[in-house]
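This is my_file10.txt (compact mmCIF, N, CA and C atoms).
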```
# COMPACT_ATOMS: atom_id res chain seq x y z
N MET A 871 42.04 119.01 126.69
CA MET A 871 42.71 119.79 125.70
C MET A 871 44.07 119.18 125.44
N GLU A 872 44.49 119.29 124.20
CA GLU A 872 45.75 118.66 123.80
C GLU A 872 46.72 119.69 123.25
N LEU A 873 47.98 119.54 123.67
CA LEU A 873 49.08 120.32 123.12
C LEU A 873 49.94 119.34 122.35
N THR A 874 50.11 119.59 121.07
CA THR A 874 50.95 118.72 120.25
C THR A 874 52.27 119.45 120.05
N TYR A 875 53.32 118.74 120.38
CA TYR A 875 54.66 119.32 120.37
C TYR A 875 55.51 118.57 119.35
N PHE A 876 55.89 119.25 118.28
CA PHE A 876 56.71 118.66 117.21
C PHE A 876 58.17 118.98 117.49
N SER A 877 59.00 117.93 117.53
CA SER A 877 60.39 118.09 117.93
C SER A 877 61.30 117.21 117.08
N THR A 878 62.60 117.40 117.32
CA THR A 878 63.62 116.50 116.79
C THR A 878 64.62 116.25 117.92
N ALA A 879 65.26 115.10 117.88
CA ALA A 879 66.16 114.69 118.95
C ALA A 879 67.38 115.60 119.08
N PHE A 880 67.83 116.18 117.99
CA PHE A 880 69.07 116.96 117.99
C PHE A 880 68.87 118.45 118.21
N CYS A 881 67.69 118.87 118.54
CA CYS A 881 67.31 120.29 118.60
C CYS A 881 67.39 120.82 120.04
N GLU A 882 68.31 121.75 120.30
CA GLU A 882 68.43 122.35 121.64
C GLU A 882 67.19 123.15 122.02
N PRO A 883 66.63 123.99 121.13
CA PRO A 883 65.39 124.68 121.49
C PRO A 883 64.24 123.70 121.84
N CYS A 884 64.28 122.50 121.26
CA CYS A 884 63.26 121.50 121.59
C CYS A 884 63.37 121.09 123.06
N ARG A 885 64.57 120.99 123.57
CA ARG A 885 64.76 120.66 124.99
C ARG A 885 64.19 121.77 125.87
N GLN A 886 64.41 123.01 125.46
CA GLN A 886 63.87 124.15 126.22
C GLN A 886 62.34 124.14 126.20
N THR A 887 61.79 123.83 125.04
CA THR A 887 60.33 123.75 124.92
C THR A 887 59.78 122.63 125.77
N ARG A 888 60.47 121.51 125.80
CA ARG A 888 60.04 120.37 126.63
C ARG A 888 59.93 120.79 128.10
N ALA A 889 60.87 121.61 128.56
CA ALA A 889 60.84 122.10 129.95
C ALA A 889 59.65 123.02 130.19
N VAL A 890 59.36 123.90 129.23
CA VAL A 890 58.19 124.79 129.34
C VAL A 890 56.91 123.95 129.42
N LEU A 891 56.80 122.95 128.56
CA LEU A 891 55.59 122.14 128.53
C LEU A 891 55.45 121.26 129.76
N ALA A 892 56.56 120.85 130.35
CA ALA A 892 56.49 120.09 131.60
C ALA A 892 55.91 120.97 132.71
N GLU A 893 56.29 122.23 132.71
CA GLU A 893 55.74 123.17 133.70
C GLU A 893 54.25 123.41 133.43
N VAL A 894 53.86 123.49 132.18
CA VAL A 894 52.44 123.64 131.83
C VAL A 894 51.65 122.45 132.37
N GLU A 895 52.15 121.24 132.17
CA GLU A 895 51.45 120.05 132.67
C GLU A 895 51.36 120.07 134.20
N ARG A 896 52.38 120.59 134.85
CA ARG A 896 52.34 120.67 136.31
C ARG A 896 51.28 121.66 136.78
N LEU A 897 51.19 122.80 136.08
CA LEU A 897 50.26 123.86 136.47
C LEU A 897 48.81 123.60 136.04
N VAL A 898 48.65 122.90 134.91
CA VAL A 898 47.32 122.66 134.33
C VAL A 898 47.15 121.16 134.12
N PRO A 899 46.69 120.44 135.15
CA PRO A 899 46.62 118.98 135.05
C PRO A 899 45.76 118.45 133.88
N GLN A 900 44.78 119.21 133.43
CA GLN A 900 43.94 118.72 132.32
C GLN A 900 44.60 118.90 130.96
N ALA A 901 45.75 119.58 130.91
CA ALA A 901 46.48 119.74 129.66
C ALA A 901 47.28 118.47 129.38
N ARG A 902 47.12 117.96 128.19
CA ARG A 902 47.84 116.74 127.80
C ARG A 902 48.81 117.10 126.68
N VAL A 903 50.10 116.84 126.90
CA VAL A 903 51.12 117.13 125.90
C VAL A 903 51.47 115.84 125.17
N ARG A 904 51.40 115.91 123.85
CA ARG A 904 51.78 114.78 123.00
C ARG A 904 52.94 115.22 122.13
N GLU A 905 54.06 114.52 122.27
CA GLU A 905 55.25 114.88 121.50
C GLU A 905 55.34 114.02 120.24
N VAL A 906 55.62 114.67 119.12
CA VAL A 906 55.79 114.00 117.84
C VAL A 906 57.18 114.32 117.32
N ASP A 907 57.99 113.30 117.14
CA ASP A 907 59.32 113.47 116.55
C ASP A 907 59.14 113.51 115.03
N VAL A 908 59.52 114.63 114.41
CA VAL A 908 59.26 114.79 112.98
C VAL A 908 60.09 113.84 112.12
N VAL A 909 61.21 113.35 112.65
CA VAL A 909 62.01 112.38 111.91
C VAL A 909 61.33 111.02 111.91
N ARG A 910 60.74 110.66 113.03
CA ARG A 910 60.06 109.37 113.14
C ARG A 910 58.67 109.37 112.53
N ASP A 911 58.03 110.55 112.48
CA ASP A 911 56.67 110.62 111.94
C ASP A 911 56.54 111.80 110.98
N PRO A 912 57.23 111.72 109.83
CA PRO A 912 57.19 112.85 108.89
C PRO A 912 55.81 113.08 108.30
N ALA A 913 54.99 112.05 108.20
CA ALA A 913 53.64 112.22 107.63
C ALA A 913 52.79 113.13 108.52
N GLU A 914 52.86 112.93 109.83
CA GLU A 914 52.08 113.79 110.73
C GLU A 914 52.61 115.22 110.70
N ALA A 915 53.93 115.36 110.64
CA ALA A 915 54.51 116.69 110.56
C ALA A 915 54.05 117.40 109.29
N GLU A 916 54.07 116.69 108.18
CA GLU A 916 53.62 117.28 106.92
C GLU A 916 52.14 117.62 106.96
N ALA A 917 51.34 116.74 107.53
CA ALA A 917 49.89 116.98 107.62
C ALA A 917 49.58 118.22 108.46
N ASN A 918 50.47 118.56 109.39
CA ASN A 918 50.27 119.72 110.25
C ASN A 918 51.08 120.94 109.80
N ASP A 919 51.67 120.85 108.61
CA ASP A 919 52.41 121.95 108.01
C ASP A 919 53.55 122.44 108.91
N ILE A 920 54.29 121.48 109.47
CA ILE A 920 55.41 121.80 110.34
C ILE A 920 56.63 122.10 109.48
N ARG A 921 57.20 123.28 109.66
CA ARG A 921 58.35 123.71 108.87
C ARG A 921 59.63 123.76 109.71
N ILE A 922 59.49 124.03 111.03
CA ILE A 922 60.65 124.07 111.92
C ILE A 922 60.29 123.41 113.23
N THR A 923 61.33 123.00 113.95
CA THR A 923 61.13 122.50 115.30
C THR A 923 61.89 123.40 116.25
N PRO A 924 61.34 123.61 117.42
CA PRO A 924 60.09 123.08 117.93
C PRO A 924 58.89 123.87 117.41
N THR A 925 57.77 123.20 117.31
CA THR A 925 56.48 123.83 117.05
C THR A 925 55.47 123.22 118.02
N VAL A 926 54.70 124.09 118.65
CA VAL A 926 53.67 123.66 119.59
C VAL A 926 52.32 124.11 119.04
N ILE A 927 51.37 123.18 119.01
CA ILE A 927 50.01 123.50 118.59
C ILE A 927 49.06 123.15 119.73
N VAL A 928 48.17 124.09 120.07
CA VAL A 928 47.17 123.85 121.11
C VAL A 928 45.82 123.70 120.43
N HIS A 929 45.13 122.61 120.76
CA HIS A 929 43.79 122.35 120.24
C HIS A 929 42.78 122.42 121.38
N ASP A 930 41.60 122.94 121.07
CA ASP A 930 40.54 122.94 122.08
C ASP A 930 39.88 121.57 122.13
N ALA A 931 38.87 121.42 122.96
CA ALA A 931 38.21 120.13 123.15
C ALA A 931 37.58 119.61 121.87
N ALA A 932 37.19 120.50 120.96
CA ALA A 932 36.57 120.10 119.70
C ALA A 932 37.62 119.77 118.64
N GLY A 933 38.89 119.98 118.96
CA GLY A 933 39.96 119.67 118.01
C GLY A 933 40.40 120.83 117.15
N ALA A 934 39.82 122.01 117.37
CA ALA A 934 40.19 123.19 116.58
C ALA A 934 41.51 123.77 117.10
N GLU A 935 42.36 124.17 116.17
CA GLU A 935 43.63 124.79 116.54
C GLU A 935 43.37 126.20 117.06
N VAL A 936 43.86 126.50 118.27
CA VAL A 936 43.68 127.84 118.84
C VAL A 936 45.00 128.58 119.02
N PHE A 937 46.13 127.87 118.85
CA PHE A 937 47.43 128.49 119.05
C PHE A 937 48.49 127.65 118.35
N ARG A 938 49.46 128.36 117.77
CA ARG A 938 50.62 127.70 117.16
C ARG A 938 51.84 128.57 117.43
N ALA A 939 52.89 127.94 117.93
CA ALA A 939 54.14 128.66 118.16
C ALA A 939 55.28 127.89 117.53
N SER A 940 56.02 128.55 116.68
CA SER A 940 57.25 127.97 116.12
C SER A 940 58.40 128.59 116.90
N GLY A 941 59.31 127.78 117.37
CA GLY A 941 60.36 128.25 118.26
C GLY A 941 59.94 127.97 119.69
N VAL A 942 60.72 128.43 120.63
CA VAL A 942 60.46 128.16 122.04
C VAL A 942 59.39 129.12 122.55
N PRO A 943 58.21 128.60 122.93
CA PRO A 943 57.18 129.48 123.47
C PRO A 943 57.49 129.80 124.93
N THR A 944 56.98 130.91 125.40
CA THR A 944 57.11 131.21 126.83
C THR A 944 55.99 130.50 127.58
N LEU A 945 56.20 130.33 128.86
CA LEU A 945 55.16 129.74 129.69
C LEU A 945 53.89 130.57 129.60
N ALA A 946 54.02 131.89 129.65
CA ALA A 946 52.86 132.77 129.57
C ALA A 946 52.09 132.59 128.26
N GLN A 947 52.80 132.47 127.15
CA GLN A 947 52.12 132.26 125.85
C GLN A 947 51.29 130.99 125.87
N VAL A 948 51.85 129.93 126.38
CA VAL A 948 51.14 128.65 126.39
C VAL A 948 49.95 128.70 127.34
N LEU A 949 50.12 129.33 128.49
CA LEU A 949 49.00 129.42 129.44
C LEU A 949 47.85 130.26 128.87
N VAL A 950 48.16 131.32 128.16
CA VAL A 950 47.11 132.12 127.50
C VAL A 950 46.40 131.29 126.44
N ALA A 951 47.17 130.52 125.69
CA ALA A 951 46.57 129.66 124.65
C ALA A 951 45.65 128.63 125.29
N ILE A 952 46.06 128.07 126.41
CA ILE A 952 45.22 127.09 127.10
C ILE A 952 43.92 127.74 127.57
N ALA A 953 44.02 128.96 128.07
CA ALA A 953 42.81 129.67 128.48
C ALA A 953 41.85 129.86 127.31
N LYS A 954 42.38 130.13 126.12
CA LYS A 954 41.55 130.27 124.93
C LYS A 954 40.91 128.95 124.55
N ALA A 955 41.63 127.86 124.83
CA ALA A 955 41.12 126.53 124.46
C ALA A 955 40.01 126.05 125.38
N LEU A 956 39.92 126.64 126.56
CA LEU A 956 38.89 126.21 127.52
C LEU A 956 37.57 126.76 127.18
```
Translate this structure into structure tokens?
Amino acid sequence: MELTYFSTAFCEPCRQTRAVLAEVERLVPQARVREVDVVRDPAEAEANDIRITPTVIVHDAAGAEVFRASGVPTLAQVLVAIAKAL
């Protein structure tokens, strides 16, 4: 399962989200977090309809989106989303 994390270098909430996702990776080894900097890859951000950073999208094994959070998600929110993706 993949968690795609859209961020920008100057965003303080992005740093907080990065910490939440690091804990998710520690707790759920099969979760893979991929970070996309929207300044460096605006095409991917646009393709995923990213309007603000941070935004986290969780996809299941088939690639379907099961969760999207704009702003800093809680650890509990992300863990519930991962459970839905399994």
Sel. within 7 Å of pt (55.9, 126.5, 120.7), counting only N, CA and C atoms, output as JSON, numbers by chain
{"A": [887, 924, 925, 926, 927, 938, 939, 940, 941, 942, 943, 944]}
Could you jot down the CA of Ala892 (chain A) to CA of Tyr875 (chain A) separation for me, Å, one decimal place?
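Result for CA of Ala892 (chain A) versus CA of Tyr875 (chain A): 11.4 Å, one decimal.
Take CA of Arg888 (chain A) and CA of Glu905 (chain A): the distance between them is 8.9 Å.
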Residue list as a VMD selection string for point (36.8, 121.1, 124.4), cut-off 7 Å, only N, CA and C atoms
chain A and resid 871 929 to 933 955 to 956
One number please: CA of Phe937 (chain A) to CA of Arg896 (chain A), in Å, one decimal.
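Between CA of Phe937 (chain A) and CA of Arg896 (chain A) the gap is 19.6 Å.
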Just list as a PyMOL selection string whatever in chain A DSSP marks as alpha helix (DSSP H).
chain A and resi 882-897+912-917+945-955
Considering only C-alpha atoms, state which residue in the set A:Ala934, A:Ala951, A:Ala901, A:Leu945 is at the smallest distance from Gln886 (chain A).
A:Leu945
I'd like to know which of A:Thr923, A:Arg904, A:Leu897, A:Arg910 is closest to Arg885 (chain A), using only C-alpha atoms.
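Checking each candidate against Arg885 (chain A), we get A:Thr923 as the closest.
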